[in-house]
$ cat query-v5.cif   # mmCIF, C-alpha atoms (C1' of nucleotides)
data_my_file
loop_
_atom_site.label_atom_id
_atom_site.label_comp_id
_atom_site.auth_asym_id
_atom_site.auth_seq_id
_atom_site.Cartn_x
_atom_site.Cartn_y
_atom_site.Cartn_z
CA MET A 1 -4.30 -5.84 4.11
CA PRO A 2 -1.13 -4.11 2.92
CA GLU A 3 1.27 -1.27 3.74
CA GLY A 4 4.93 -2.19 3.64
CA PRO A 5 5.35 -3.52 7.20
CA THR A 6 2.56 -6.05 6.71
CA ILE A 7 4.39 -7.46 3.71
CA VAL A 8 7.57 -7.73 5.79
CA ILE A 9 5.63 -9.81 8.31
CA LEU A 10 4.34 -12.05 5.52
CA LYS A 11 7.88 -12.50 4.27
CA GLU A 12 8.92 -13.72 7.71
CA GLU A 13 5.93 -16.04 8.01
CA VAL A 14 6.70 -17.90 4.78
CA GLN A 15 10.40 -18.39 5.49
CA LYS A 16 9.86 -22.11 6.01
CA PHE A 17 9.07 -22.36 2.28
CA SER A 18 12.25 -20.63 1.19
CA GLY A 19 14.43 -23.08 -0.72
CA LYS A 20 11.54 -25.55 -1.03
CA LYS A 21 10.26 -27.10 -4.22
CA VAL A 22 6.72 -26.38 -5.41
CA ILE A 23 4.98 -29.76 -5.56
CA ALA A 24 1.69 -28.36 -6.84
CA ALA A 25 0.35 -24.94 -7.80
CA THR A 26 -3.25 -23.90 -8.46
CA GLY A 27 -5.43 -20.83 -8.71
CA ASN A 28 -7.19 -18.44 -11.05
CA ALA A 29 -4.30 -16.02 -11.46
CA LYS A 30 -3.80 -15.04 -15.07
CA ILE A 31 -0.25 -16.30 -15.27
CA ASP A 32 1.26 -19.56 -16.45
CA ILE A 33 0.86 -21.41 -13.17
CA ASP A 34 2.19 -24.72 -14.52
CA ARG A 35 5.62 -23.22 -14.96
CA LEU A 36 5.93 -22.98 -11.16
CA ILE A 37 5.51 -26.71 -10.57
CA ASN A 38 8.66 -28.60 -9.61
CA LYS A 39 10.60 -25.35 -9.36
CA LYS A 40 12.39 -24.30 -6.22
CA ILE A 41 11.72 -21.01 -4.51
CA ILE A 42 15.04 -19.22 -4.21
CA ASN A 43 13.74 -16.73 -1.65
CA PHE A 44 11.04 -14.22 -0.77
CA LYS A 45 11.58 -10.51 -1.12
CA SER A 46 9.51 -7.40 -0.76
CA TRP A 47 9.57 -3.95 -2.26
CA GLY A 48 7.13 -1.60 -0.62
CA LYS A 49 3.75 -3.27 -0.86
CA HIS A 50 4.96 -5.78 -3.44
CA PHE A 51 5.50 -9.34 -2.25
CA LEU A 52 8.04 -11.15 -4.42
CA ILE A 53 8.37 -14.90 -4.83
CA CYS A 54 11.73 -15.45 -6.49
CA PHE A 55 12.50 -18.40 -8.73
CA ASP A 56 15.57 -19.07 -10.82
CA GLY A 57 15.16 -16.70 -13.79
CA PHE A 58 11.82 -15.12 -12.89
CA THR A 59 9.80 -13.72 -10.03
CA VAL A 60 6.12 -13.90 -9.15
CA ARG A 61 4.94 -10.48 -8.02
CA VAL A 62 1.97 -10.28 -5.67
CA HIS A 63 0.14 -7.09 -4.77
CA PHE A 64 -2.65 -7.33 -2.22
CA LEU A 65 -4.35 -4.07 -3.17
CA LEU A 66 -7.03 -3.30 -0.58
CA PHE A 67 -8.59 -6.69 0.07
CA GLY A 68 -6.00 -9.31 -0.65
CA SER A 69 -5.23 -11.98 1.94
CA TYR A 70 -3.20 -15.12 2.49
CA LEU A 71 -3.22 -18.26 4.58
CA ILE A 72 -0.41 -20.59 5.55
CA ASP A 73 -1.31 -24.26 6.01
CA GLN A 74 -4.99 -23.36 5.83
CA ASP A 75 -7.61 -22.76 3.17
CA LYS A 76 -10.91 -20.90 3.18
CA THR A 77 -14.08 -20.89 1.12
CA ALA A 78 -12.89 -18.31 -1.36
CA GLN A 79 -11.38 -18.70 -4.77
CA ILE A 80 -7.66 -19.28 -4.52
CA ARG A 81 -5.85 -16.76 -6.68
CA LEU A 82 -2.58 -18.62 -6.32
CA GLY A 83 -1.88 -21.61 -4.11
CA PHE A 84 1.35 -23.51 -3.51
CA THR A 85 1.87 -26.96 -2.08
CA PHE A 86 5.31 -27.67 -0.60
CA PRO A 87 6.72 -30.78 1.08
CA ASN A 88 6.30 -29.00 4.40
CA GLY A 89 2.98 -27.20 3.99
CA GLU A 90 0.84 -24.98 1.81
CA PHE A 91 0.54 -21.29 1.04
CA ASN A 92 -2.62 -19.76 -0.40
CA LEU A 93 -3.18 -16.26 -1.78
CA TYR A 94 -6.59 -14.64 -2.31
CA ALA A 95 -7.96 -11.56 -4.08
CA CYS A 96 -4.57 -10.22 -4.99
CA SER A 97 -2.94 -9.05 -8.18
CA VAL A 98 -0.41 -11.56 -9.55
CA SER A 99 2.10 -11.10 -12.35
CA VAL A 100 5.44 -12.49 -13.47
CA LEU A 101 8.68 -10.55 -13.80
CA GLU A 102 11.25 -12.12 -16.10
CA GLY A 103 14.96 -12.20 -15.35
CA ASP A 104 16.77 -10.87 -12.32
CA VAL A 105 14.40 -9.29 -9.81
CA ASN A 106 17.03 -6.65 -9.04
CA ASP A 107 16.62 -5.31 -12.57
CA HIS A 108 12.98 -4.53 -11.80
CA TYR A 109 13.27 -2.68 -8.52
CA ASP A 110 15.27 0.06 -6.86
CA PHE A 111 15.40 -1.20 -3.30
CA THR A 112 16.80 2.10 -2.05
CA SER A 113 13.31 3.60 -2.31
CA ASP A 114 11.72 1.03 0.02
CA VAL A 115 11.44 2.48 3.52
CA MET A 116 11.56 -1.01 5.06
CA ASN A 117 14.68 -2.08 3.16
CA PRO A 118 18.16 -1.96 4.74
CA HIS A 119 19.29 -0.14 1.58
CA TRP A 120 16.68 2.63 2.02
CA ASP A 121 18.31 5.91 1.01
CA PRO A 122 16.84 9.05 2.60
CA LYS A 123 19.02 11.29 0.46
CA LYS A 124 17.42 10.00 -2.71
CA ALA A 125 14.01 10.64 -1.23
CA LYS A 126 15.03 14.20 -0.47
CA ALA A 127 16.19 14.74 -4.06
CA LYS A 128 12.96 13.31 -5.44
CA LEU A 129 10.91 15.62 -3.23
CA LYS A 130 12.78 18.61 -4.67
CA ASP A 131 11.41 17.66 -8.07
CA VAL A 132 7.76 17.88 -7.01
CA PRO A 133 7.45 21.22 -5.17
CA THR A 134 3.78 21.75 -6.04
CA LYS A 135 2.58 18.38 -4.80
CA MET A 136 1.02 18.19 -1.37
CA ALA A 137 2.63 16.41 1.56
CA CYS A 138 -0.31 13.98 1.73
CA ASP A 139 0.30 12.99 -1.90
CA VAL A 140 4.08 12.69 -1.91
CA LEU A 141 4.09 10.41 1.13
CA LEU A 142 1.95 7.99 -0.85
CA GLU A 143 4.21 8.11 -3.92
CA GLN A 144 5.64 4.61 -4.14
CA ASP A 145 8.55 5.83 -6.27
CA ILE A 146 9.63 7.97 -3.34
CA PHE A 147 8.36 6.17 -0.21
CA ALA A 148 7.67 2.59 -1.30
CA GLY A 149 5.67 0.84 1.38
CA VAL A 150 4.03 3.91 2.88
CA GLY A 151 0.23 3.69 2.87
CA ASN A 152 -2.59 5.85 4.12
CA ILE A 153 -2.25 4.91 7.79
CA ILE A 154 1.47 5.59 7.84
CA LYS A 155 0.87 8.84 5.96
CA ASN A 156 -1.55 10.13 8.56
CA GLU A 157 0.56 9.09 11.52
CA VAL A 158 3.77 10.55 10.06
CA LEU A 159 2.11 13.92 9.36
CA TYR A 160 0.69 13.99 12.87
CA ARG A 161 4.03 13.11 14.44
CA ILE A 162 5.88 15.85 12.62
CA ARG A 163 3.02 18.33 13.05
CA LEU A 164 2.69 18.99 9.36
CA HIS A 165 -0.60 19.83 7.64
CA PRO A 166 -1.40 17.27 4.89
CA GLU A 167 -2.15 19.98 2.34
CA THR A 168 1.20 21.76 2.64
CA GLU A 169 2.95 21.96 -0.72
CA THR A 170 6.26 20.14 -0.63
CA GLY A 171 8.16 23.18 -1.93
CA LYS A 172 6.92 25.29 1.00
CA ILE A 173 8.09 22.86 3.67
CA PRO A 174 11.24 23.99 5.52
CA ASP A 175 14.26 21.80 4.95
CA ALA A 176 14.43 20.58 8.53
CA LYS A 177 10.78 19.51 8.32
CA ILE A 178 11.41 17.67 5.05
CA ARG A 179 14.16 15.74 6.81
CA GLU A 180 11.75 14.92 9.64
CA MET A 181 9.18 13.68 7.16
CA ILE A 182 11.70 11.34 5.56
CA THR A 183 13.02 10.14 8.93
CA GLU A 184 9.57 9.51 10.36
CA ALA A 185 8.34 7.73 7.22
CA LYS A 186 10.86 5.05 8.07
CA ASN A 187 10.54 5.29 11.87
CA TYR A 188 6.79 5.00 11.95
CA SER A 189 6.92 2.14 9.44
CA PHE A 190 9.10 0.20 11.87
CA ASP A 191 6.84 1.11 14.79
CA PHE A 192 3.95 -0.11 12.64
CA LEU A 193 5.83 -3.38 12.14
CA LYS A 194 6.51 -3.80 15.85
CA TRP A 195 2.94 -2.98 16.91
CA LYS A 196 1.32 -5.02 14.15
CA LYS A 197 3.31 -8.07 15.29
CA LYS A 198 1.97 -7.57 18.79
CA ASN A 199 -1.54 -7.14 17.38
CA GLU A 200 -1.83 -3.69 18.85
CA LEU A 201 -1.47 -1.45 15.83
CA LYS A 202 -4.72 0.47 16.25
CA LYS A 203 -4.07 1.10 19.92
CA HIS A 204 -1.18 3.36 18.97
CA TRP A 205 -2.95 5.44 16.33
CA LEU A 206 -2.84 9.11 17.24
CA ALA A 207 -4.48 10.58 14.14
CA HIS A 208 -5.79 7.86 11.83
CA THR A 209 -9.57 7.46 12.48
CA LYS A 210 -9.29 9.51 15.67
CA LYS A 211 -11.86 12.07 16.79
CA THR A 212 -9.80 14.30 19.04
CA CYS A 213 -6.21 15.44 19.14
CA SER A 214 -4.18 13.85 21.91
CA ARG A 215 -2.09 17.00 22.20
CA CYS A 216 -4.64 19.80 22.39
CA ASP A 217 -7.96 17.98 22.72
CA LEU A 218 -9.46 19.83 19.75
CA PRO A 219 -11.28 17.82 17.05
CA ILE A 220 -9.32 15.82 14.48
CA VAL A 221 -10.43 16.82 10.98
CA LYS A 222 -11.28 14.12 8.44
CA LYS A 223 -10.89 15.27 4.85
CA TYR A 224 -10.17 13.67 1.50
CA THR A 225 -7.07 15.59 0.51
CA GLY A 226 -4.76 16.05 -2.44
CA VAL A 227 -4.78 14.67 -5.95
CA LYS A 228 -5.02 11.17 -4.54
CA LYS A 229 -8.10 12.04 -2.49
CA ARG A 230 -7.30 9.61 0.30
CA ARG A 231 -8.70 10.43 3.71
CA SER A 232 -6.51 12.50 5.93
CA PHE A 233 -6.97 12.82 9.69
CA TYR A 234 -5.25 15.82 11.18
CA CYS A 235 -5.34 18.53 13.80
CA GLU A 236 -5.67 22.01 12.33
CA ASN A 237 -4.32 23.45 15.55
CA CYS A 238 -1.19 21.33 15.91
CA GLN A 239 -0.29 20.55 12.30
CA LYS A 240 1.16 23.54 10.53
CA LEU A 241 0.22 24.57 7.01
CA TYR A 242 3.22 26.32 5.47
CA SER A 243 2.45 28.73 2.65
"C1'" DT B 1 -27.76 -3.70 5.60
"C1'" DA B 2 -25.30 -0.28 3.25
"C1'" DT B 3 -21.14 1.78 3.37
"C1'" DA B 4 -16.46 2.60 3.36
"C1'" DA B 5 -11.89 1.11 3.78
"C1'" DT B 6 -4.50 -0.14 4.92
"C1'" DG B 7 -4.62 0.19 -3.19
"C1'" DT B 8 -3.49 0.35 -8.03
"C1'" DT B 9 -4.23 0.13 -12.97
"C1'" DT B 10 -6.69 1.13 -17.02
"C1'" DG B 11 -8.99 3.59 -20.34
"C1'" DA B 12 -12.36 7.12 -21.46
"C1'" DA B 13 -13.31 11.92 -21.28
"C1'" DC B 14 -11.99 16.48 -21.16
"C1'" DA C 1 -0.37 15.63 -24.84
"C1'" DG C 2 -1.49 16.16 -20.29
"C1'" DT C 3 -4.82 15.79 -16.59
"C1'" DT C 4 -8.73 13.97 -14.36
"C1'" DC C 5 -11.99 10.72 -13.46
"C1'" DA C 6 -14.74 6.64 -13.01
"C1'" DA C 7 -14.54 1.87 -13.25
"C1'" DA C 8 -12.75 -2.34 -12.16
"C1'" DC C 9 -11.04 -5.72 -8.91
"C1'" DA C 10 -12.99 -8.11 -4.30
"C1'" DT C 11 -13.43 -8.54 1.27
"C1'" DT C 12 -14.83 -7.36 5.70
"C1'" DA C 13 -15.78 -4.55 9.81
"C1'" DT C 14 -18.94 -1.26 11.39
#

$ encode --input "query-v5.cif" --output "structure tokens"
Amino acid sequence: MPEGPTIVILKEEVQKFSGKKVIAATGNAKIDIDRLINKKIINFKSWGKHFLICFDGFTVRVHFLLFGSYLIDQDKTAQIRLGFTFPNGEFNLYACSVSVLEGDVNDHYDFTSDVMNPHWDPKKAKAKLKDVPTKMACDVLLEQDIFAGVGNIIKNEVLYRIRLHPETETGKIPDAKIREMITEAKNYSFDFLKWKKKNELKKHWLAHTKKTCSRCDLPIVKKYTGVKKRRSFYCENCQKLYS
DNA sequence: TATAATGTTTGAAC
DNA sequence: AGTTCAAACATTAT
């Protein structure tokens, strides 16, 4: 379900509930659901893969993990984790992680580390990468403190685009290539957003789940790499391992 | 049908 | 004390 761009799409889809009062709220989320009733939603925000439902004085944080889903003006035969009824429709969340953040949401997040956010700051990302020279490229791209919103698909596509081997240690990567990594983390995320909206995300994958390299026609390697052990798809011929 | 997958947190074990 | 690891959560396409 997730990766940052998908949460941005969700945020757009629920805009009609922004400013609306919660008439009823249900679900099996382990939060005080009753406190949401009769309260107005100030707005919806996102930080990386976190979906944020902002009320006056607190925020409901939703994380979809791997299998979470949502429906607008529909329900399905699954337990509702958190469901809202508004004067103009309903919004149901399933199989997600739900928690409450007290106070101002801006005190909980640094929006400059979210690749999808207008305040995204590539310079900060560069500084953070300097601090983790022994971590592999495949791991640092998934670090939400550095690249909030980047998931495994984006990771694989970014590394393929910039021709960088997933197992390269960050400290060994030339400066220009580091800059490319940071630039493409954002660029591909916005391509992801554009293609996902058109329902043609998979069509554009060049590495993720692919069998052969579109550049050299040699096999794409599938390997669980790094400390995080997420699957990487890469071309050993085209993606350079700096050492 | 069994498996693996766009993810993260927690707590035990080393 | 730091790291490593499995477990837990729960859905769906292949």

$ closest_atom_pairs --input "query-v5.cif" --of "chain C" --to "chain A" --cutoff "9 Å" --atoms "all atoms listed in the file" --output "JSON lines"
{"residue": "C:DC9", "atom": "C1'", "partner": "A:Ala95", "partner_atom": "CA", "distance": 8.2}
{"residue": "C:DA10", "atom": "C1'", "partner": "A:Ala95", "partner_atom": "CA", "distance": 6.1}
{"residue": "C:DT11", "atom": "C1'", "partner": "A:Phe67", "partner_atom": "CA", "distance": 5.3}
{"residue": "C:DT12", "atom": "C1'", "partner": "A:Phe67", "partner_atom": "CA", "distance": 8.4}

$ resolve_selection --input "query-v5.cif" --expression "the PyMOL selection byres ((chain B) within 10 of (chain A))" --output "PyMOL selection string"
chain B and resi 5-8

$ resolve_selection --input "query-v5.cif" --expression "the PyMOL selection byres ((chain C and resi 2-7) around 9)" --output "number ranges by chain"
B: 10, 12-14; C: 1, 8

$ resolve_selection --input "query-v5.cif" --expression "the PyMOL selection byres ((chain B and resi 1) around 12)" --output "PyMOL selection string"
(chain B and resi 2-3) or (chain C and resi 14)

$ atom_distance --input "query-v5.cif" --atom1 "CA of Thr209 (chain A)" --atom2 "C1' of DA13 (chain C)"
13.8 Å

$ residues_around --input "query-v5.cif" --residues "Gly103 (chain A)" --least-positions-apart "3" --cutoff "8 Å" --atoms "all atoms listed in the file" --output "list in words"
Gly57, Phe58, Thr59 and Asp107 of chain A

$ residues_around --input "query-v5.cif" --residues "region 186-190 of chain A" --least-positions-apart "6" --cutoff "12 Å" --atoms "only C-alpha atoms (C1' of nucleotides)" --output "PDB file with C-alpha atoms, keeping the file's coordinate frame"
ATOM      1  CA  GLU A   3       1.270  -1.270   3.740  1.00  0.00           C
ATOM      2  CA  GLY A   4       4.930  -2.190   3.640  1.00  0.00           C
ATOM      3  CA  PRO A   5       5.350  -3.520   7.200  1.00  0.00           C
ATOM      4  CA  THR A   6       2.560  -6.050   6.710  1.00  0.00           C
ATOM      5  CA  ILE A   7       4.390  -7.460   3.710  1.00  0.00           C
ATOM      6  CA  VAL A   8       7.570  -7.730   5.790  1.00  0.00           C
ATOM      7  CA  ILE A   9       5.630  -9.810   8.310  1.00  0.00           C
ATOM      8  CA  GLY A  48       7.130  -1.600  -0.620  1.00  0.00           C
ATOM      9  CA  SER A 113      13.310   3.600  -2.310  1.00  0.00           C
ATOM     10  CA  ASP A 114      11.720   1.030   0.020  1.00  0.00           C
ATOM     11  CA  VAL A 115      11.440   2.480   3.520  1.00  0.00           C
ATOM     12  CA  MET A 116      11.560  -1.010   5.060  1.00  0.00           C
ATOM     13  CA  ASN A 117      14.680  -2.080   3.160  1.00  0.00           C
ATOM     14  CA  PRO A 118      18.160  -1.960   4.740  1.00  0.00           C
ATOM     15  CA  HIS A 119      19.290  -0.140   1.580  1.00  0.00           C
ATOM     16  CA  TRP A 120      16.680   2.630   2.020  1.00  0.00           C
ATOM     17  CA  ASP A 121      18.310   5.910   1.010  1.00  0.00           C
ATOM     18  CA  PRO A 122      16.840   9.050   2.600  1.00  0.00           C
ATOM     19  CA  ALA A 125      14.010  10.640  -1.230  1.00  0.00           C
ATOM     20  CA  LEU A 141       4.090  10.410   1.130  1.00  0.00           C
ATOM     21  CA  ILE A 146       9.630   7.970  -3.340  1.00  0.00           C
ATOM     22  CA  PHE A 147       8.360   6.170  -0.210  1.00  0.00           C
ATOM     23  CA  ALA A 148       7.670   2.590  -1.300  1.00  0.00           C
ATOM     24  CA  GLY A 149       5.670   0.840   1.380  1.00  0.00           C
ATOM     25  CA  VAL A 150       4.030   3.910   2.880  1.00  0.00           C
ATOM     26  CA  GLY A 151       0.230   3.690   2.870  1.00  0.00           C
ATOM     27  CA  ASN A 152      -2.590   5.850   4.120  1.00  0.00           C
ATOM     28  CA  ILE A 153      -2.250   4.910   7.790  1.00  0.00           C
ATOM     29  CA  ILE A 154       1.470   5.590   7.840  1.00  0.00           C
ATOM     30  CA  LYS A 155       0.870   8.840   5.960  1.00  0.00           C
ATOM     31  CA  ASN A 156      -1.550  10.130   8.560  1.00  0.00           C
ATOM     32  CA  GLU A 157       0.560   9.090  11.520  1.00  0.00           C
ATOM     33  CA  VAL A 158       3.770  10.550  10.060  1.00  0.00           C
ATOM     34  CA  LEU A 159       2.110  13.920   9.360  1.00  0.00           C
ATOM     35  CA  TYR A 160       0.690  13.990  12.870  1.00  0.00           C
ATOM     36  CA  ARG A 161       4.030  13.110  14.440  1.00  0.00           C
ATOM     37  CA  ILE A 162       5.880  15.850  12.620  1.00  0.00           C
ATOM     38  CA  ARG A 179      14.160  15.740   6.810  1.00  0.00           C
ATOM     39  CA  GLU A 180      11.750  14.920   9.640  1.00  0.00           C
ATOM     40  CA  LYS A 196       1.320  -5.020  14.150  1.00  0.00           C
ATOM     41  CA  LYS A 197       3.310  -8.070  15.290  1.00  0.00           C
ATOM     42  CA  LEU A 201      -1.470  -1.450  15.830  1.00  0.00           C
ATOM     43  CA  HIS A 204      -1.180   3.360  18.970  1.00  0.00           C
ATOM     44  CA  TRP A 205      -2.950   5.440  16.330  1.00  0.00           C
ATOM     45  CA  LEU A 206      -2.840   9.110  17.240  1.00  0.00           C
TER      46      LEU A 206
END

$ atom_distance --input "query-v5.cif" --atom1 "CA of Glu102 (chain A)" --atom2 "CA of Arg81 (chain A)"
20.1 Å

$ closest_residue --input "query-v5.cif" --among "A:Tyr234, A:Phe91, A:Tyr109, A:Phe84" --to "Ala207 (chain A)" --atoms "only C-alpha atoms"
A:Tyr234

$ residues_around --input "query-v5.cif" --residues "region 22-34 of chain A" --least-positions-apart "4" --cutoff "6 Å" --atoms "only C-alpha atoms (C1' of nucleotides)" --output "list in words"
Asn38, Lys39, Ile80, Arg81, Leu82, Gly83, Phe84, Thr85 and Phe86 of chain A

$ build_atoms --input "query-v5.cif" --residues "region 178-208 of chain A" --atoms "N, CA and C atoms" --output "PDB file, in the frame of the given file"
ATOM      1  N   ILE A 178      11.305  18.697   6.106  1.00  0.00           N
ATOM      2  CA  ILE A 178      11.410  17.670   5.050  1.00  0.00           C
ATOM      3  C   ILE A 178      12.218  16.481   5.579  1.00  0.00           C
ATOM      4  N   ARG A 179      13.319  16.813   6.258  1.00  0.00           N
ATOM      5  CA  ARG A 179      14.160  15.740   6.810  1.00  0.00           C
ATOM      6  C   ARG A 179      13.394  14.926   7.842  1.00  0.00           C
ATOM      7  N   GLU A 180      12.578  15.615   8.651  1.00  0.00           N
ATOM      8  CA  GLU A 180      11.750  14.920   9.640  1.00  0.00           C
ATOM      9  C   GLU A 180      10.753  13.986   8.962  1.00  0.00           C
ATOM     10  N   MET A 181      10.173  14.476   7.882  1.00  0.00           N
ATOM     11  CA  MET A 181       9.180  13.680   7.160  1.00  0.00           C
ATOM     12  C   MET A 181       9.809  12.381   6.662  1.00  0.00           C
ATOM     13  N   ILE A 182      10.998  12.507   6.098  1.00  0.00           N
ATOM     14  CA  ILE A 182      11.700  11.340   5.560  1.00  0.00           C
ATOM     15  C   ILE A 182      12.104  10.385   6.698  1.00  0.00           C
ATOM     16  N   THR A 183      12.609  10.951   7.774  1.00  0.00           N
ATOM     17  CA  THR A 183      13.020  10.140   8.930  1.00  0.00           C
ATOM     18  C   THR A 183      11.831   9.399   9.540  1.00  0.00           C
ATOM     19  N   GLU A 184      10.730  10.120   9.706  1.00  0.00           N
ATOM     20  CA  GLU A 184       9.570   9.510  10.360  1.00  0.00           C
ATOM     21  C   GLU A 184       8.845   8.516   9.448  1.00  0.00           C
ATOM     22  N   ALA A 185       8.957   8.707   8.130  1.00  0.00           N
ATOM     23  CA  ALA A 185       8.340   7.730   7.220  1.00  0.00           C
ATOM     24  C   ALA A 185       8.930   6.352   7.504  1.00  0.00           C
ATOM     25  N   LYS A 186      10.220   6.319   7.728  1.00  0.00           N
ATOM     26  CA  LYS A 186      10.860   5.050   8.070  1.00  0.00           C
ATOM     27  C   LYS A 186      10.568   4.665   9.531  1.00  0.00           C
ATOM     28  N   ASN A 187      10.742   5.600  10.442  1.00  0.00           N
ATOM     29  CA  ASN A 187      10.540   5.290  11.870  1.00  0.00           C
ATOM     30  C   ASN A 187       9.154   4.755  12.161  1.00  0.00           C
ATOM     31  N   TYR A 188       8.136   5.459  11.648  1.00  0.00           N
ATOM     32  CA  TYR A 188       6.790   5.000  11.950  1.00  0.00           C
ATOM     33  C   TYR A 188       6.525   3.646  11.292  1.00  0.00           C
ATOM     34  N   SER A 189       7.104   3.429  10.114  1.00  0.00           N
ATOM     35  CA  SER A 189       6.920   2.140   9.440  1.00  0.00           C
ATOM     36  C   SER A 189       7.452   0.993  10.310  1.00  0.00           C
ATOM     37  N   PHE A 190       8.555   1.242  10.990  1.00  0.00           N
ATOM     38  CA  PHE A 190       9.100   0.200  11.870  1.00  0.00           C
ATOM     39  C   PHE A 190       8.318   0.094  13.172  1.00  0.00           C
ATOM     40  N   ASP A 191       7.751   1.198  13.644  1.00  0.00           N
ATOM     41  CA  ASP A 191       6.840   1.110  14.790  1.00  0.00           C
ATOM     42  C   ASP A 191       5.588   0.329  14.403  1.00  0.00           C
ATOM     43  N   PHE A 192       5.097   0.615  13.204  1.00  0.00           N
ATOM     44  CA  PHE A 192       3.950  -0.110  12.640  1.00  0.00           C
ATOM     45  C   PHE A 192       4.239  -1.606  12.655  1.00  0.00           C
ATOM     46  N   LEU A 193       5.428  -1.978  12.183  1.00  0.00           N
ATOM     47  CA  LEU A 193       5.830  -3.380  12.140  1.00  0.00           C
ATOM     48  C   LEU A 193       5.817  -4.004  13.534  1.00  0.00           C
ATOM     49  N   LYS A 194       6.411  -3.311  14.474  1.00  0.00           N
ATOM     50  CA  LYS A 194       6.510  -3.800  15.850  1.00  0.00           C
ATOM     51  C   LYS A 194       5.114  -3.955  16.471  1.00  0.00           C
ATOM     52  N   TRP A 195       4.275  -2.945  16.294  1.00  0.00           N
ATOM     53  CA  TRP A 195       2.940  -2.980  16.910  1.00  0.00           C
ATOM     54  C   TRP A 195       2.023  -3.979  16.205  1.00  0.00           C
ATOM     55  N   LYS A 196       2.146  -4.068  14.904  1.00  0.00           N
ATOM     56  CA  LYS A 196       1.320  -5.020  14.150  1.00  0.00           C
ATOM     57  C   LYS A 196       1.635  -6.457  14.590  1.00  0.00           C
ATOM     58  N   LYS A 197       2.917  -6.732  14.829  1.00  0.00           N
ATOM     59  CA  LYS A 197       3.310  -8.070  15.290  1.00  0.00           C
ATOM     60  C   LYS A 197       2.690  -8.392  16.647  1.00  0.00           C
ATOM     61  N   LYS A 198       2.547  -7.369  17.467  1.00  0.00           N
ATOM     62  CA  LYS A 198       1.970  -7.570  18.790  1.00  0.00           C
ATOM     63  C   LYS A 198       0.450  -7.438  18.765  1.00  0.00           C
ATOM     64  N   ASN A 199      -0.090  -7.269  17.553  1.00  0.00           N
ATOM     65  CA  ASN A 199      -1.540  -7.140  17.380  1.00  0.00           C
ATOM     66  C   ASN A 199      -2.113  -5.924  18.114  1.00  0.00           C
ATOM     67  N   GLU A 200      -1.341  -4.874  18.158  1.00  0.00           N
ATOM     68  CA  GLU A 200      -1.830  -3.690  18.850  1.00  0.00           C
ATOM     69  C   GLU A 200      -1.603  -2.420  18.035  1.00  0.00           C
ATOM     70  N   LEU A 201      -1.717  -2.593  16.718  1.00  0.00           N
ATOM     71  CA  LEU A 201      -1.470  -1.450  15.830  1.00  0.00           C
ATOM     72  C   LEU A 201      -2.422  -0.290  16.111  1.00  0.00           C
ATOM     73  N   LYS A 202      -3.707  -0.591  16.128  1.00  0.00           N
ATOM     74  CA  LYS A 202      -4.720   0.470  16.250  1.00  0.00           C
ATOM     75  C   LYS A 202      -4.602   1.223  17.574  1.00  0.00           C
ATOM     76  N   LYS A 203      -4.186   0.506  18.594  1.00  0.00           N
ATOM     77  CA  LYS A 203      -4.070   1.100  19.920  1.00  0.00           C
ATOM     78  C   LYS A 203      -3.146   2.319  19.905  1.00  0.00           C
ATOM     79  N   HIS A 204      -2.192   2.301  18.991  1.00  0.00           N
ATOM     80  CA  HIS A 204      -1.180   3.360  18.970  1.00  0.00           C
ATOM     81  C   HIS A 204      -1.491   4.479  17.976  1.00  0.00           C
ATOM     82  N   TRP A 205      -2.618   4.371  17.266  1.00  0.00           N
ATOM     83  CA  TRP A 205      -2.950   5.440  16.330  1.00  0.00           C
ATOM     84  C   TRP A 205      -3.228   6.737  17.090  1.00  0.00           C
ATOM     85  N   LEU A 206      -2.625   7.809  16.620  1.00  0.00           N
ATOM     86  CA  LEU A 206      -2.840   9.110  17.240  1.00  0.00           C
ATOM     87  C   LEU A 206      -3.697  10.012  16.369  1.00  0.00           C
ATOM     88  N   ALA A 207      -3.704   9.753  15.063  1.00  0.00           N
ATOM     89  CA  ALA A 207      -4.480  10.580  14.140  1.00  0.00           C
ATOM     90  C   ALA A 207      -5.478   9.743  13.326  1.00  0.00           C
ATOM     91  N   HIS A 208      -4.978   8.681  12.726  1.00  0.00           N
ATOM     92  CA  HIS A 208      -5.790   7.860  11.830  1.00  0.00           C
ATOM     93  C   HIS A 208      -7.074   7.371  12.512  1.00  0.00           C
TER      94      HIS A 208
END
